[in-house]
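All remarks here apply to the structure that follows.
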Amino acid sequence: MINGTGITKTFRQRGGVLGAREVPALRGVDFAVPKGGAVSFIGESGCGKTTLGRIVAGLETCDSGEIVIDDVAMSSLSHRRRQPYFRRVQLIHQDPYSALNPTRTIHQALAAPLALRARQTGRPRSWADGRARELLGLVGLDPGYVLPRYPHQLSGGMRQRVVIARALTVDPEVLVADEAVSMIDVSLRLGILALLKDLRERLGVSVLFITHDVATARYIGTDGELYVIYRGQVVERGPVETVISAPVHPYTQALLSAIPVLHGLESPGDQRVVPVEASVGASGEYSDGCLFAPRCPFRTERCERERPALSRNGDMPQEHACFHPERRSVVAVPVSRR
Ligand SMILES: Nc1ncnc2c1ncn2[C@@H]1O[C@H](COP(=O)(O)OP(=O)(O)O)[C@@H](O)[C@H]1O
Ligand code: SF4
Ligand SMILES: [Mg+2]
């Protein structure tokens with residue numbers, strides 16, 4: 001079980017003549033990943049997804065907020081004492097090639113973490129070889145084929161499976177998959193998604209899935225929660241199917257409206273939302289207003305003055321950060337057969 005409250009992170013980027021520029025990457029994000037559950041974060045490029053994944057995996061610190069792993073607040077521990085907790089959270093990122101050392105065989109890539117694991121758990125060294133084979137089998141690879149090979153001798157899909165097997169060497173509780181299939185050949189993606197689903201069922205591992213793609217979020221976490229992030233703020237949160245079939249935040253609606261419609265098979269939702277383009281100051285946003293207001297076709301004066309917080313109100317099953325939430329039918333629906 002891992003959760004976060006008020007996770008905030010601002011990067012200072014070096015600008016040109018204007019000097020340093022502050023980039024708010026996360027603005028008070030709350031989340032909870034239940035044991036064995038699936039949680040997906042979705043949003044466009046630059047909205048803070050990777051930063052959140054890195055903070056959850058202990059690879060980056062937040063400016064304020066708290067990460068709690070198995071009921072222990074990470075801020076209460078020294079850097080060294082945090083490590084065993086963050087080891088329970090393993091990050092799988094989008095490029096399986098750069099995640100593996102090209103000069104080492106898969107056998108070598110798995111042997112080092114497994115030797116360490118054998119020491120930690122008081123097992124004999126000989127255990128590591130059998131475990132490497134077992135883990136490769138678990139991720140759907142043939143150990144005899146894969147173990148002696150170098151990363152470049154494997155397909156992208158196989159490499160990502162090796163990366164997942166390596167993450168499993170430490171018996172993690174949570175896998176953070178950051179765009180884990182975006183660099184893999186389309187024909188192999190479904191296999192990796194099915195594997196993550198299977199690992200949830202077989203090992204009880206939780207998955208925090210980060211993506212810009214609605215279909216993959218839907219596939220991985222049908223029984224889980226979807227968080228929609230816009231400019232570092234969670235703007236809508238709820239059960240995956242609810243958020244997709246009855247989104248209430250205009251940004252979620254715009255994101256879903258942008259999914260291409262399959263001609264001849266689907267017809268577009270009849271209330272599709274298309275963002276507008278308003279230019280607002282240098283930062284592109286109202287300083288105190290709703291972050292989405294410059295692009296929102298439904299903005300009112302209040303939206304320019306006040307920033308809505310994520311909350312639950314009305315009879316809507318999901319939380320949202322909008323003053324004027326409304327259910328709209330935006331996703332494509334199958335054309336009925338005549
Ligand atoms: N190390 C960094 N230094 C400066 N700015 C960063 C750094 N990492 C991310 N950012 C900025 O933070 C914002 C969020 O980035 P990121 O988390 O990578 O978004 P996403 O994964 O959703 O595309 C972006 O504006 C990005 O430019
Ligand atoms: S608060 Fe206003 S501007 Fe923001 S998303 Fe809702 S309607 Fe649009
Ligand atoms: Mg990213």
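FYI, nothing fancy with the structure tokens labels: chains A, B, ... in order, residues from 1 per chain, ligands from 1 as they appear.
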Distance filter 9 Å around ligand 1, atoms: only C-alpha atoms and all ligand atoms, out as a PyMOL selection string: chain A and resi 9-14+22-26+42-54+178-179+210-212+229-232
Selected residues written out, N, CA and C atoms, as a short mmCIF file (atom, residue, chain, number, x, y, z; two decimals), in the first residue's frame:
data_model
loop_
_atom_site.label_atom_id
_atom_site.label_comp_id
_atom_site.auth_asym_id
_atom_site.auth_seq_id
_atom_site.Cartn_x
_atom_site.Cartn_y
_atom_site.Cartn_z
N LYS A 9 5.97 19.76 -6.51
CA LYS A 9 7.34 19.83 -7.03
C LYS A 9 7.45 20.95 -8.04
N THR A 10 8.41 21.83 -7.84
CA THR A 10 8.66 22.90 -8.81
C THR A 10 10.09 22.79 -9.28
N PHE A 11 10.29 22.81 -10.59
CA PHE A 11 11.65 22.78 -11.14
C PHE A 11 12.07 24.20 -11.47
N ARG A 12 13.35 24.46 -11.29
CA ARG A 12 13.87 25.77 -11.73
C ARG A 12 14.62 25.52 -13.03
N GLN A 13 14.10 26.10 -14.10
CA GLN A 13 14.76 25.90 -15.39
C GLN A 13 15.51 27.17 -15.74
N ARG A 14 16.72 27.01 -16.27
CA ARG A 14 17.49 28.17 -16.68
C ARG A 14 16.90 28.77 -17.93
N GLU A 22 10.58 29.31 -12.99
CA GLU A 22 10.06 28.23 -12.15
C GLU A 22 8.97 27.48 -12.88
N VAL A 23 9.11 26.17 -12.92
CA VAL A 23 8.11 25.34 -13.61
C VAL A 23 7.42 24.44 -12.58
N PRO A 24 6.16 24.75 -12.25
CA PRO A 24 5.47 23.86 -11.31
C PRO A 24 5.12 22.55 -12.02
N ALA A 25 5.72 21.45 -11.57
CA ALA A 25 5.47 20.16 -12.22
C ALA A 25 4.32 19.43 -11.53
N LEU A 26 4.21 19.56 -10.22
CA LEU A 26 3.12 18.92 -9.48
C LEU A 26 2.60 19.91 -8.44
N ILE A 42 -3.25 9.80 -16.24
CA ILE A 42 -3.28 10.14 -17.66
C ILE A 42 -3.24 11.64 -17.82
N GLY A 43 -2.62 12.09 -18.89
CA GLY A 43 -2.55 13.53 -19.15
C GLY A 43 -1.57 13.77 -20.28
N GLU A 44 -1.61 14.98 -20.84
CA GLU A 44 -0.76 15.23 -22.00
C GLU A 44 0.70 15.40 -21.58
N SER A 45 1.59 15.40 -22.55
CA SER A 45 3.02 15.52 -22.30
C SER A 45 3.33 16.78 -21.48
N GLY A 46 4.17 16.64 -20.48
CA GLY A 46 4.59 17.78 -19.67
C GLY A 46 3.69 18.07 -18.49
N CYS A 47 2.67 17.24 -18.25
CA CYS A 47 1.74 17.53 -17.15
C CYS A 47 2.26 17.06 -15.79
N GLY A 48 3.39 16.35 -15.78
CA GLY A 48 4.00 15.97 -14.50
C GLY A 48 3.97 14.48 -14.18
N LYS A 49 3.57 13.65 -15.15
CA LYS A 49 3.41 12.21 -14.89
C LYS A 49 4.72 11.54 -14.49
N THR A 50 5.78 11.80 -15.28
CA THR A 50 7.07 11.15 -15.00
C THR A 50 7.62 11.62 -13.66
N THR A 51 7.46 12.91 -13.38
CA THR A 51 7.95 13.45 -12.11
C THR A 51 7.26 12.73 -10.96
N LEU A 52 5.97 12.52 -11.08
CA LEU A 52 5.23 11.82 -10.02
C LEU A 52 5.75 10.38 -9.87
N GLY A 53 5.92 9.69 -11.00
CA GLY A 53 6.42 8.31 -10.96
C GLY A 53 7.77 8.23 -10.28
N ARG A 54 8.64 9.19 -10.58
CA ARG A 54 9.99 9.19 -9.99
C ARG A 54 9.94 9.48 -8.49
N ASP A 178 5.90 3.68 -16.42
CA ASP A 178 5.81 5.01 -17.02
C ASP A 178 5.88 4.89 -18.54
N GLU A 179 4.76 5.05 -19.21
CA GLU A 179 4.67 4.92 -20.67
C GLU A 179 5.37 3.63 -21.11
N ILE A 210 1.27 4.89 -15.88
CA ILE A 210 1.35 6.28 -16.33
C ILE A 210 1.29 6.29 -17.84
N THR A 211 0.37 7.04 -18.40
CA THR A 211 0.22 7.00 -19.86
C THR A 211 -0.43 8.27 -20.39
N HIS A 212 -0.27 8.51 -21.70
CA HIS A 212 -1.02 9.60 -22.32
C HIS A 212 -2.15 9.00 -23.14
N ILE A 229 -4.52 14.27 -15.03
CA ILE A 229 -3.70 15.39 -14.57
C ILE A 229 -3.63 16.46 -15.65
N TYR A 230 -3.76 17.71 -15.22
CA TYR A 230 -3.56 18.83 -16.13
C TYR A 230 -2.61 19.82 -15.45
N ARG A 231 -1.49 20.09 -16.09
CA ARG A 231 -0.50 21.03 -15.56
C ARG A 231 -0.17 20.78 -14.09
N GLY A 232 0.01 19.54 -13.72
CA GLY A 232 0.44 19.21 -12.36
C GLY A 232 -0.67 19.11 -11.34
#
Per-residue nearest contacts chain A to ligand 2, cut-off 10 Å, using only C-alpha atoms and all ligand atoms, as a Markdown table:
| residue | atom | partner | partner_atom_place_in_ligand_line | distance |
| --- | --- | --- | --- | --- |
| A:Val235 | CA | ligand 2 | 5 (S) | 8.3 |
| A:Val248 | CA | ligand 2 | 6 (Fe) | 9.0 |
| A:His249 | CA | ligand 2 | 5 (S) | 5.9 |
| A:Pro250 | CA | ligand 2 | 5 (S) | 5.1 |
| A:Tyr251 | CA | ligand 2 | 5 (S) | 6.4 |
| A:Thr252 | CA | ligand 2 | 5 (S) | 9.2 |
| A:Gln253 | CA | ligand 2 | 5 (S) | 9.8 |
| A:Pro275 | CA | ligand 2 | 8 (Fe) | 9.8 |
| A:Gly289 | CA | ligand 2 | 4 (Fe) | 7.8 |
| A:Cys290 | CA | ligand 2 | 4 (Fe) | 4.6 |
| A:Leu291 | CA | ligand 2 | 4 (Fe) | 6.6 |
| A:Phe292 | CA | ligand 2 | 4 (Fe) | 5.1 |
| A:Ala293 | CA | ligand 2 | 3 (S) | 3.5 |
| A:Pro294 | CA | ligand 2 | 3 (S) | 7.2 |
| A:Arg295 | CA | ligand 2 | 3 (S) | 7.6 |
| A:Cys296 | CA | ligand 2 | 8 (Fe) | 4.6 |
| A:Pro297 | CA | ligand 2 | 8 (Fe) | 6.7 |
| A:Phe298 | CA | ligand 2 | 7 (S) | 4.7 |
| A:Arg299 | CA | ligand 2 | 3 (S) | 3.9 |
| A:Thr300 | CA | ligand 2 | 2 (Fe) | 6.0 |
| A:Glu301 | CA | ligand 2 | 2 (Fe) | 8.3 |
| A:Arg302 | CA | ligand 2 | 2 (Fe) | 7.2 |
| A:Cys303 | CA | ligand 2 | 2 (Fe) | 4.4 |
| A:Glu304 | CA | ligand 2 | 3 (S) | 7.1 |
| A:Arg305 | CA | ligand 2 | 2 (Fe) | 9.8 |
| A:Glu306 | CA | ligand 2 | 1 (S) | 8.2 |
| A:Arg307 | CA | ligand 2 | 1 (S) | 7.1 |
| A:Pro308 | CA | ligand 2 | 1 (S) | 6.0 |
| A:Ala309 | CA | ligand 2 | 1 (S) | 9.2 |
| A:His320 | CA | ligand 2 | 6 (Fe) | 8.9 |
| A:Ala321 | CA | ligand 2 | 1 (S) | 6.7 |
| A:Cys322 | CA | ligand 2 | 6 (Fe) | 3.7 |
| A:Phe323 | CA | ligand 2 | 1 (S) | 4.3 |
| A:His324 | CA | ligand 2 | 7 (S) | 4.7 |
| A:Pro325 | CA | ligand 2 | 6 (Fe) | 6.2 |
| A:Glu326 | CA | ligand 2 | 7 (S) | 9.0 |
Stretch 196-209 of chain A surroundings by only C-alpha atoms, 10 Å radius, close-in-sequence under 5 positions cut, as number ranges by chain: A: 1-2, 32-42, 49, 53, 56, 88-92, 138-139, 161, 164, 168, 171-180, 190-191, 216-217, 219-221, 224-226
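These are the residues of stretch 108-308 of chain A assigned strand (DSSP E or B) by DSSP from backbone coordinates: Val174, Leu175, Val176, Ala177, Asp178, Ser206, Val207, Leu208, Phe209, Ile210, Thr211, Glu225, Leu226, Tyr227, Val228, Ile229, Tyr230, Gln233, Val234, Val235, Glu236, Arg237, Gly238, Pro239, Glu266 and Ser267 of chain A.
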Could you write out that same residue set with N, CA and C atoms as a PDB file, in the first residue's frame?
ATOM      1  N   VAL A 174       4.859  -2.742  -5.630  1.00  0.00           N
ATOM      2  CA  VAL A 174       4.264  -1.831  -6.614  1.00  0.00           C
ATOM      3  C   VAL A 174       5.174  -1.731  -7.836  1.00  0.00           C
ATOM      4  N   LEU A 175       4.587  -1.827  -9.018  1.00  0.00           N
ATOM      5  CA  LEU A 175       5.331  -1.531 -10.244  1.00  0.00           C
ATOM      6  C   LEU A 175       4.810  -0.203 -10.773  1.00  0.00           C
ATOM      7  N   VAL A 176       5.716   0.734 -11.000  1.00  0.00           N
ATOM      8  CA  VAL A 176       5.324   2.011 -11.599  1.00  0.00           C
ATOM      9  C   VAL A 176       5.704   1.926 -13.072  1.00  0.00           C
ATOM     10  N   ALA A 177       4.726   1.843 -13.948  1.00  0.00           N
ATOM     11  CA  ALA A 177       5.002   1.669 -15.372  1.00  0.00           C
ATOM     12  C   ALA A 177       4.790   2.999 -16.072  1.00  0.00           C
ATOM     13  N   ASP A 178       5.896   3.680 -16.418  1.00  0.00           N
ATOM     14  CA  ASP A 178       5.810   5.011 -17.021  1.00  0.00           C
ATOM     15  C   ASP A 178       5.877   4.893 -18.541  1.00  0.00           C
ATOM     16  N   SER A 206       0.792  -4.357  -7.059  1.00  0.00           N
ATOM     17  CA  SER A 206      -0.018  -3.219  -7.518  1.00  0.00           C
ATOM     18  C   SER A 206       0.661  -2.591  -8.725  1.00  0.00           C
ATOM     19  N   VAL A 207      -0.136  -1.944  -9.560  1.00  0.00           N
ATOM     20  CA  VAL A 207       0.449  -1.276 -10.728  1.00  0.00           C
ATOM     21  C   VAL A 207       0.003   0.183 -10.750  1.00  0.00           C
ATOM     22  N   LEU A 208       0.994   1.067 -10.815  1.00  0.00           N
ATOM     23  CA  LEU A 208       0.692   2.482 -11.021  1.00  0.00           C
ATOM     24  C   LEU A 208       1.063   2.752 -12.471  1.00  0.00           C
ATOM     25  N   PHE A 209       0.071   2.978 -13.287  1.00  0.00           N
ATOM     26  CA  PHE A 209       0.275   3.028 -14.724  1.00  0.00           C
ATOM     27  C   PHE A 209       0.200   4.469 -15.214  1.00  0.00           C
ATOM     28  N   ILE A 210       1.267   4.893 -15.880  1.00  0.00           N
ATOM     29  CA  ILE A 210       1.345   6.279 -16.330  1.00  0.00           C
ATOM     30  C   ILE A 210       1.291   6.294 -17.845  1.00  0.00           C
ATOM     31  N   THR A 211       0.370   7.039 -18.405  1.00  0.00           N
ATOM     32  CA  THR A 211       0.219   7.002 -19.864  1.00  0.00           C
ATOM     33  C   THR A 211      -0.432   8.270 -20.395  1.00  0.00           C
ATOM     34  N   GLU A 225      -8.686   2.874 -10.551  1.00  0.00           N
ATOM     35  CA  GLU A 225      -9.042   4.291 -10.612  1.00  0.00           C
ATOM     36  C   GLU A 225      -8.225   5.001 -11.674  1.00  0.00           C
ATOM     37  N   LEU A 226      -8.834   6.017 -12.251  1.00  0.00           N
ATOM     38  CA  LEU A 226      -8.140   6.838 -13.237  1.00  0.00           C
ATOM     39  C   LEU A 226      -7.991   8.245 -12.663  1.00  0.00           C
ATOM     40  N   TYR A 227      -6.771   8.769 -12.771  1.00  0.00           N
ATOM     41  CA  TYR A 227      -6.502  10.140 -12.360  1.00  0.00           C
ATOM     42  C   TYR A 227      -6.149  10.917 -13.621  1.00  0.00           C
ATOM     43  N   VAL A 228      -6.827  12.021 -13.823  1.00  0.00           N
ATOM     44  CA  VAL A 228      -6.525  12.851 -14.990  1.00  0.00           C
ATOM     45  C   VAL A 228      -5.741  14.067 -14.492  1.00  0.00           C
ATOM     46  N   ILE A 229      -4.524  14.268 -15.029  1.00  0.00           N
ATOM     47  CA  ILE A 229      -3.701  15.394 -14.573  1.00  0.00           C
ATOM     48  C   ILE A 229      -3.633  16.461 -15.651  1.00  0.00           C
ATOM     49  N   TYR A 230      -3.758  17.705 -15.219  1.00  0.00           N
ATOM     50  CA  TYR A 230      -3.556  18.828 -16.129  1.00  0.00           C
ATOM     51  C   TYR A 230      -2.614  19.818 -15.449  1.00  0.00           C
ATOM     52  N   GLN A 233      -1.913  19.299 -11.781  1.00  0.00           N
ATOM     53  CA  GLN A 233      -3.031  19.172 -10.832  1.00  0.00           C
ATOM     54  C   GLN A 233      -3.934  18.016 -11.265  1.00  0.00           C
ATOM     55  N   VAL A 234      -4.376  17.207 -10.306  1.00  0.00           N
ATOM     56  CA  VAL A 234      -5.363  16.176 -10.643  1.00  0.00           C
ATOM     57  C   VAL A 234      -6.707  16.892 -10.806  1.00  0.00           C
ATOM     58  N   VAL A 235      -7.283  16.799 -12.006  1.00  0.00           N
ATOM     59  CA  VAL A 235      -8.538  17.530 -12.261  1.00  0.00           C
ATOM     60  C   VAL A 235      -9.763  16.620 -12.225  1.00  0.00           C
ATOM     61  N   GLU A 236      -9.533  15.319 -12.344  1.00  0.00           N
ATOM     62  CA  GLU A 236     -10.655  14.385 -12.227  1.00  0.00           C
ATOM     63  C   GLU A 236     -10.113  13.045 -11.757  1.00  0.00           C
ATOM     64  N   ARG A 237     -10.869  12.381 -10.911  1.00  0.00           N
ATOM     65  CA  ARG A 237     -10.413  11.111 -10.354  1.00  0.00           C
ATOM     66  C   ARG A 237     -11.621  10.243 -10.044  1.00  0.00           C
ATOM     67  N   GLY A 238     -11.578   8.993 -10.480  1.00  0.00           N
ATOM     68  CA  GLY A 238     -12.694   8.096 -10.186  1.00  0.00           C
ATOM     69  C   GLY A 238     -12.481   6.748 -10.840  1.00  0.00           C
ATOM     70  N   PRO A 239     -13.443   5.836 -10.706  1.00  0.00           N
ATOM     71  CA  PRO A 239     -13.338   4.530 -11.346  1.00  0.00           C
ATOM     72  C   PRO A 239     -13.122   4.694 -12.853  1.00  0.00           C
ATOM     73  N   GLU A 266     -17.606   3.479 -35.728  1.00  0.00           N
ATOM     74  CA  GLU A 266     -18.033   4.280 -34.575  1.00  0.00           C
ATOM     75  C   GLU A 266     -18.562   5.616 -35.055  1.00  0.00           C
ATOM     76  N   SER A 267     -19.414   6.211 -34.227  1.00  0.00           N
ATOM     77  CA  SER A 267     -19.755   7.602 -34.503  1.00  0.00           C
ATOM     78  C   SER A 267     -19.310   8.432 -33.293  1.00  0.00           C
TER      79      SER A 267
END
Contacts of A:Ile184 at 9 Å (only C-alpha atoms; same-chain gap of 6+ positions) as a list of chain:residue names: A:Gln94, A:Asp95, A:Pro96, A:Ser155, A:Gly156, A:Gly157, A:Gln160
DSSP helix (DSSP H, G or I) residues within stretch 13-260 of chain A, listed as a VMD selection string: chain A and resid 49 to 56 74 to 76 79 to 86 106 to 120 127 to 138 143 to 146 151 to 153 156 to 168 186 to 203 214 to 220 240 to 245 250 to 257
6 Å contact set for A:His107, only C-alpha atoms, chain neighbours under 3 positions out, as a list in words: Leu110, Ala111 and Leu147 of chain A
Output the selection as a PDB file, in the first residue's frame - N, CA and C atoms for each residue.
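Saved result, selection_20.pdb, follows:
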ATOM      1  N   LEU A 110      20.544 -10.166 -14.534  1.00  0.00           N
ATOM      2  CA  LEU A 110      19.682 -10.675 -13.457  1.00  0.00           C
ATOM      3  C   LEU A 110      20.511 -11.214 -12.281  1.00  0.00           C
ATOM      4  N   ALA A 111      21.757 -11.677 -12.574  1.00  0.00           N
ATOM      5  CA  ALA A 111      22.555 -12.337 -11.528  1.00  0.00           C
ATOM      6  C   ALA A 111      22.894 -11.373 -10.379  1.00  0.00           C
ATOM      7  N   LEU A 147      18.735 -16.016 -21.623  1.00  0.00           N
ATOM      8  CA  LEU A 147      19.823 -15.815 -20.645  1.00  0.00           C
ATOM      9  C   LEU A 147      21.201 -15.510 -21.270  1.00  0.00           C
TER      10      LEU A 147
END
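Proximity to ligand 3 was assessed for A:Ser182, A:Gln153, A:Ser245, A:Thr105 counting only C-alpha atoms and all ligand atoms; the smallest distance is recorded for A:Ser182.
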Surrounding residues of A:Val330 excluding itself and chain neighbours under 6 positions, 7 Å, only C-alpha atoms, as an NGL selection string: :A and (253 or 256-257 or 269-272)
Export N, CA and C atoms of the chosen residues as a CSV table (one decimal), in the first residue's frame?
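Wrote it out as part_33.csv, contents follow:
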chain,number,residue,atom,x,y,z
A,253,GLN,N,-12.9,15.8,-20.9
A,253,GLN,CA,-13.7,15.7,-22.0
A,253,GLN,C,-13.0,16.0,-23.3
A,256,LEU,N,-10.7,13.1,-24.1
A,256,LEU,CA,-11.4,11.9,-24.7
A,256,LEU,C,-12.0,12.2,-26.1
A,257,SER,N,-12.3,13.5,-26.3
A,257,SER,CA,-12.9,13.9,-27.6
A,257,SER,C,-11.8,13.8,-28.7
A,269,GLY,N,-19.0,11.0,-30.1
A,269,GLY,CA,-19.9,11.4,-29.1
A,269,GLY,C,-20.5,12.7,-29.5
A,270,ASP,N,-21.8,12.9,-29.2
A,270,ASP,CA,-22.5,14.1,-29.7
A,270,ASP,C,-22.2,15.4,-29.0
A,271,GLN,N,-21.4,15.3,-27.8
A,271,GLN,CA,-21.1,16.6,-27.1
A,271,GLN,C,-19.6,16.8,-27.0
A,272,ARG,N,-18.9,16.4,-28.1
A,272,ARG,CA,-17.4,16.5,-28.0
A,272,ARG,C,-16.9,17.9,-27.7
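In terms of minimum interatomic distance to A:Asn101, A:Val163 ranks closest within A:Leu114, A:Ile67, A:Ala132, A:Val163, counting only C-alpha atoms.
Closest approach to ligand 3 among A:Glu134, A:Ser75, A:His93, A:Asp129 is made by A:His93 (distances from only C-alpha atoms and all ligand atoms).
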Pick from A:His263, A:Ala20, A:Gly58, A:Asp213, whichever lies nearest to ligand 3 using only C-alpha atoms and all ligand atoms: A:Asp213
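Taking atom CA of A:Met316 and atom CA of A:Val274 as endpoints, the distance between them is 22.4 Å.
Atom to atom, atom CA of A:Asp70 and atom CA of A:Asp30 stand 16.1 Å apart.
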Using only C-alpha atoms: which of A:Val170, A:Val29, A:Ala165, A:Ile244 has the shortest distance to A:Tyr85: A:Val170
